[in-house]
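The file coords.txt comes next; it holds compact mmCIF, C-alpha atoms.
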```
# COMPACT_ATOMS: atom_id res chain seq x y z
CA MET B 25 32.93 7.31 -7.20
CA LYS B 26 30.61 8.86 -9.79
CA ARG B 27 27.01 7.75 -9.39
CA GLN B 28 25.53 6.01 -12.42
CA ARG B 29 22.53 7.80 -13.85
CA LYS B 30 19.30 5.81 -13.63
CA MET B 31 18.04 4.91 -17.11
CA LYS B 32 14.56 6.08 -18.09
CA ASN B 33 11.92 3.36 -18.35
CA VAL B 34 10.66 3.92 -21.89
CA PHE B 35 7.71 1.59 -21.26
CA ALA B 36 6.29 3.72 -18.44
CA ASP B 37 2.93 5.43 -18.98
CA LYS B 38 3.96 8.96 -19.99
CA ALA B 39 7.09 7.84 -21.83
CA SER B 40 5.04 5.34 -23.82
CA LEU B 41 3.32 8.21 -25.63
CA ILE B 42 6.54 8.63 -27.62
CA LEU B 43 6.65 4.93 -28.47
CA ARG B 44 3.00 4.89 -29.45
CA LYS B 45 3.36 7.87 -31.78
CA MET B 46 6.42 6.39 -33.49
CA ILE B 47 4.83 2.97 -33.91
CA HIS B 48 1.68 4.61 -35.33
CA ASP B 49 3.74 6.46 -37.97
CA PRO B 50 6.86 4.29 -38.38
CA ASP B 51 8.23 5.99 -41.51
CA LYS B 52 8.19 9.54 -40.16
CA LYS B 53 11.33 11.56 -39.46
CA TRP B 54 10.76 12.68 -35.89
CA VAL B 55 12.08 15.76 -34.12
CA VAL B 56 11.94 16.16 -30.35
CA ARG B 57 9.24 18.82 -30.44
CA ASP B 58 6.86 16.38 -32.15
CA PHE B 59 6.39 14.76 -28.74
CA VAL B 60 6.00 17.94 -26.68
CA GLY B 61 2.73 19.66 -25.80
CA PRO B 62 -0.49 19.37 -23.80
CA GLN B 63 -1.12 15.78 -24.97
CA GLY B 64 2.57 14.85 -24.96
CA VAL B 65 5.61 14.98 -22.69
CA SER B 66 8.17 17.54 -21.58
CA LEU B 67 11.15 18.45 -23.76
CA GLY B 68 13.52 16.86 -21.24
CA MET B 69 11.57 13.58 -21.13
CA ALA B 70 11.42 13.40 -24.93
CA GLN B 71 15.19 13.84 -25.16
CA GLU B 72 15.82 11.22 -22.48
CA VAL B 73 13.43 8.63 -23.93
CA LEU B 74 14.90 9.00 -27.43
CA GLU B 75 18.41 8.57 -26.02
CA VAL B 76 17.42 5.31 -24.32
CA MET B 77 15.61 4.10 -27.44
CA ALA B 78 18.72 4.76 -29.50
CA TRP B 79 20.89 2.93 -26.95
CA LYS B 80 18.54 -0.07 -27.11
CA GLY B 81 18.61 -0.07 -30.91
CA TYR B 82 14.96 0.81 -31.53
CA VAL B 83 15.71 4.09 -33.28
CA GLU B 84 18.52 5.87 -35.10
CA ARG B 85 19.26 9.52 -34.37
CA ILE B 86 20.50 11.38 -37.43
CA LYS B 87 22.71 14.33 -36.46
CA LYS B 88 22.39 17.22 -38.94
CA GLY B 89 22.47 20.25 -36.70
CA PRO B 90 19.12 22.11 -36.92
CA GLU B 91 17.89 19.43 -39.34
CA SER B 92 18.54 16.50 -36.97
CA TYR B 93 15.84 13.86 -36.68
CA THR B 94 15.09 10.38 -35.32
CA ILE B 95 13.71 7.39 -37.22
CA LEU B 96 12.24 4.14 -35.93
CA THR B 97 14.48 1.35 -37.18
CA ASN B 98 13.35 -1.74 -35.24
CA LYS B 99 9.63 -1.65 -34.63
CA GLU B 100 9.27 -5.42 -34.16
CA ARG B 101 11.97 -5.57 -31.49
CA LEU B 102 10.47 -2.58 -29.71
CA ILE B 103 7.02 -4.22 -29.54
CA GLU B 104 8.54 -7.55 -28.50
CA ASP B 105 10.52 -6.00 -25.65
CA TRP B 106 7.46 -4.01 -24.61
CA HIS B 107 5.09 -6.95 -24.36
CA MET B 108 7.68 -8.92 -22.39
CA ARG B 109 7.77 -6.10 -19.80
CA TYR B 110 4.08 -5.27 -19.82
CA GLN B 111 1.73 -6.43 -17.04
CA PHE B 112 -2.03 -6.05 -17.37
CA GLU B 113 -2.24 -6.76 -13.61
CA LEU B 114 -0.93 -3.25 -12.91
CA ASN B 115 -4.41 -1.97 -13.78
CA GLU B 116 -7.02 -1.70 -11.02
CA ILE B 117 -10.14 -3.76 -11.73
CA ASP B 118 -13.61 -3.62 -10.17
CA THR B 119 -15.70 -6.67 -11.05
CA TYR B 120 -19.49 -6.86 -11.14
CA PHE B 121 -22.23 -9.07 -12.55
CA SER B 122 -24.82 -8.51 -15.26
CA SER B 123 -27.42 -10.96 -16.55
CA GLU B 124 -27.97 -8.77 -19.64
CA LYS B 125 -27.60 -10.94 -22.76
CA ASP B 126 -26.27 -8.09 -24.91
CA ILE B 127 -24.41 -5.96 -22.38
CA LEU B 128 -22.24 -4.35 -25.06
CA LYS B 129 -25.25 -2.62 -26.60
CA LYS B 130 -26.20 -1.35 -23.15
CA ILE B 131 -22.66 -0.07 -22.62
CA LYS B 132 -22.72 1.77 -25.95
CA ALA B 133 -26.10 3.31 -25.16
CA ASN B 134 -25.21 4.44 -21.64
CA LEU B 135 -21.54 5.45 -21.72
CA ASP B 136 -20.10 8.47 -23.46
CA GLU B 137 -17.65 7.15 -26.08
CA GLU B 138 -14.89 9.42 -24.78
CA LYS B 139 -15.18 7.78 -21.37
CA TYR B 140 -14.61 4.12 -22.22
CA ALA B 141 -12.75 1.69 -24.48
CA LEU B 142 -13.22 -2.07 -24.79
CA ALA B 143 -10.17 -4.17 -23.98
CA LEU B 144 -8.71 -7.71 -24.06
CA HIS B 145 -10.89 -10.43 -25.64
CA THR B 146 -13.88 -8.06 -25.60
CA GLY B 147 -12.24 -5.59 -27.95
CA ALA B 148 -10.22 -8.06 -29.99
CA ASN B 149 -13.24 -10.28 -30.69
CA LEU B 150 -14.81 -7.41 -32.63
CA ILE B 151 -11.93 -7.92 -35.08
CA THR B 152 -11.32 -11.67 -34.83
CA ASN B 153 -14.31 -13.34 -33.15
CA PHE B 154 -11.67 -15.77 -31.87
CA VAL B 155 -12.42 -16.47 -28.19
CA ARG B 156 -15.88 -17.25 -26.87
CA THR B 157 -16.30 -15.61 -23.46
CA SER B 158 -19.00 -14.00 -21.33
CA HIS B 159 -16.50 -11.69 -19.61
CA VAL B 160 -16.38 -8.03 -20.63
CA TYR B 161 -13.38 -5.76 -19.96
CA ILE B 162 -13.78 -2.00 -20.21
CA TYR B 163 -11.18 0.70 -19.64
CA LEU B 164 -12.77 3.77 -18.08
CA ASN B 165 -11.53 7.31 -18.48
CA THR B 166 -12.64 9.00 -15.28
CA GLN B 167 -11.15 11.43 -12.79
CA ILE B 168 -13.40 10.64 -9.81
CA TRP B 169 -13.38 6.86 -9.72
CA PRO B 170 -15.74 6.01 -6.77
CA LYS B 171 -18.41 8.54 -7.81
CA ASP B 172 -18.28 7.73 -11.54
CA ILE B 173 -18.20 3.97 -10.98
CA LEU B 174 -21.33 4.18 -8.84
CA GLU B 175 -23.11 6.10 -11.59
CA ILE B 176 -21.95 3.63 -14.26
CA ARG B 177 -23.07 0.67 -12.14
CA GLN B 178 -26.51 2.21 -11.80
CA ARG B 179 -26.80 2.93 -15.54
CA LEU B 180 -25.74 -0.59 -16.48
CA GLU B 181 -27.59 -2.23 -13.57
CA LEU B 182 -24.49 -4.06 -12.40
CA LYS B 183 -24.65 -6.17 -9.26
CA GLU B 184 -21.86 -6.65 -6.75
CA LEU B 185 -21.31 -10.29 -5.79
CA VAL B 186 -19.43 -11.69 -2.81
CA LYS B 187 -17.05 -13.32 -5.30
CA GLY B 188 -16.59 -13.21 -9.06
CA GLY B 189 -18.57 -11.54 -11.82
CA ASN B 190 -18.48 -11.05 -15.58
CA ILE B 191 -18.18 -7.26 -16.08
CA HIS B 192 -14.73 -5.85 -15.34
CA LEU B 193 -14.34 -2.07 -15.06
CA VAL B 194 -10.67 -1.23 -15.48
CA ARG B 195 -8.91 1.83 -14.06
CA PRO B 196 -5.89 2.06 -16.37
CA TYR B 197 -2.31 2.01 -15.16
CA TYR B 198 -1.49 3.74 -18.46
CA LYS B 199 -3.63 6.78 -17.61
CA ASN B 200 -2.10 8.80 -20.46
CA GLY B 201 -1.35 6.11 -23.02
CA VAL B 202 -4.16 3.57 -22.97
CA PHE B 203 -6.59 5.84 -24.85
CA PHE B 204 -4.05 6.82 -27.53
CA ASN B 205 -5.21 5.90 -31.05
CA THR B 206 -8.47 4.29 -29.94
CA GLN B 207 -10.63 3.00 -32.78
CA LYS B 208 -14.30 2.59 -33.66
CA ILE B 209 -15.23 -1.00 -34.51
CA LYS B 210 -18.88 -1.88 -35.17
CA LYS B 211 -19.79 1.42 -33.48
CA TYR B 212 -17.92 0.51 -30.27
CA ARG B 213 -14.87 2.33 -28.96
CA VAL B 214 -11.92 -0.05 -28.66
CA VAL B 215 -8.33 0.49 -27.56
CA SER B 216 -5.65 0.51 -30.28
CA ASN B 217 -4.49 -2.72 -31.89
CA LEU B 218 -1.17 -2.25 -30.12
CA GLN B 219 -2.88 -1.96 -26.72
CA LEU B 220 -5.02 -5.02 -27.47
CA TYR B 221 -1.85 -6.97 -28.24
CA LEU B 222 -0.05 -5.79 -25.10
CA ASP B 223 -3.01 -6.55 -22.85
CA LEU B 224 -3.68 -9.98 -24.33
CA TYR B 225 -0.16 -11.36 -24.55
CA HIS B 226 0.25 -12.55 -20.94
CA PHE B 227 -3.44 -12.71 -20.10
CA GLN B 228 -5.16 -15.93 -19.07
CA PRO B 229 -7.06 -17.70 -20.44
CA ARG B 230 -5.97 -17.84 -24.11
CA GLY B 231 -4.46 -14.37 -24.19
CA ARG B 232 -1.24 -15.16 -26.01
CA GLU B 233 -3.05 -17.32 -28.54
CA HIS B 234 -5.49 -14.50 -29.25
CA ALA B 235 -2.71 -11.88 -29.38
CA GLU B 236 -0.82 -13.82 -32.04
CA TYR B 237 -4.01 -14.52 -34.01
CA LEU B 238 -4.90 -10.82 -33.88
CA LYS B 239 -1.45 -9.85 -35.14
CA LYS B 240 -1.66 -12.39 -37.97
CA SER B 241 -5.19 -11.31 -38.94
CA LEU B 242 -4.23 -7.63 -39.07
CA LYS B 243 -1.13 -8.39 -41.14
CA GLU B 244 -3.21 -10.34 -43.67
CA LYS B 245 -5.43 -7.29 -44.04
CA GLY B 246 -2.42 -4.99 -44.46
CA ILE B 247 -3.06 -3.30 -41.11
CA HIS B 248 -0.20 -2.32 -38.82
CA LEU B 249 -0.05 -3.31 -35.18
CA ASP B 250 -0.18 0.30 -33.94
```
Translate the structure of the given file into structure tokens.
Amino acid sequence: MKRQRKMKNVFADKASLILRKMIHDPDKKWVVRDFVGPQGVSLGMAQEVLEVMAWKGYVERIKKGPESYTILTNKERLIEDWHMRYQFELNEIDTYFSSEKDILKKIKANLDEEKYALALHTGANLITNFVRTSHVYIYLNTQIWPKDILEIRQRLELKELVKGGNIHLVRPYYKNGVFFNTQKIKKYRVVSNLQLYLDLYHFQPRGREHAEYLKKSLKEKGIHLD
């Protein structure tokens, strides 16, 4: 019996770079090599991911020999399927405590903007001001987690409690994708609107409510969820 080939998970970290690029520029005619390179994926992965996306009905592959291309045809369904599969809990989180009243200003002053991005309610509130919370979630872009976390804790004067805390340092599951298309909002670095939506949707408390409000607010301003 012929073994069935395992289908590529298009929502995995590296593969998601292709999805993110297409969602960011939904009208573009894409060729495979658009996704290949130092900040992209291999040629083989690009081919495989596009095949699966076509099979799922997210894209259409136009066959024209050397002029072949792929277009995104169902962005809404793609995002819907993605957020149903996505789990914020796959990230690793270290939680600490700060009594600083304006910890965000301290974060901005002490962390290199290429090394962090605000997430969840923390990032989304800079757009919506929708959920009142004292908890702060920060994705960190670091290669040596224990060493860098210790340095960050010292800079921000974070305390380690026996239980709980209000400052959450997040080591991303999406090591390649989570910092794609980050944005500057009120001088803070924030993950993309798409990543905010994915993170919030199943998050408690009030994540789904905030995700839908964010999506609605962006749409009213003519901004894409990308």
Env of range 80-97 of chain B: 6 Å cut, atoms = all atoms listed in the file, seq-sep filter 2 positions within chain, self excluded. Answer as a list in words.
Pro50, Lys53, Trp54, Val55, Met77, Ala78 and Leu102 of chain B
Could you tell me which of B:Gln219, B:Thr166, B:Asn153, B:Asn205 comes closest to Phe112 in chain B if we count only C-alpha atoms?
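For Phe112 in chain B, the nearest of the candidates is B:Gln219.
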Can you work out which one of B:Val160, B:Tyr225, B:Leu41, B:Val155 has the shortest atom-to-atom distance to Leu128 in chain B, counting only C-alpha atoms?
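Checking each candidate against Leu128 in chain B, we get B:Val160 as the closest.
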Distance in Å - CA of Leu114 in chain B versus CA of Lys129 in chain B
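Between these atoms lies a distance of 27.9 Å.
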Counting all atoms listed in the file, the option among B:Leu150, B:Asp250, B:Gln228, B:Arg109 closest to Met46 in chain B:
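With all atoms listed in the file as the atom set, the closest residue is B:Asp250.
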Name the residues in contact with range 130-139 of chain B at a cut-off of 10 Å, using all atoms listed in the file, excluding same-chain residues fewer than 5 positions from it; report them as a list of chain:residue names.
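Counting all atoms listed in the file, the residues come to B:Glu124, B:Lys125, B:Ile162, B:Tyr163, B:Leu164, B:Asn165, B:Thr166, B:Ile176, B:Arg179, B:Leu180, B:Glu181, B:Phe203, B:Thr206, B:Lys208, B:Lys211, B:Tyr212, B:Arg213, B:Val214.
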Where's the centre, and what are the edge lengths in Å to one decimal, of a box along x, y and z enclosing all listed atoms of range 165-175 of chain B padded 6 Å per side, as JSON?
```
{"center_x": -17.1, "center_y": 7.7, "center_z": -12.6, "size_x": 24.0, "size_y": 19.5, "size_z": 23.7}
```
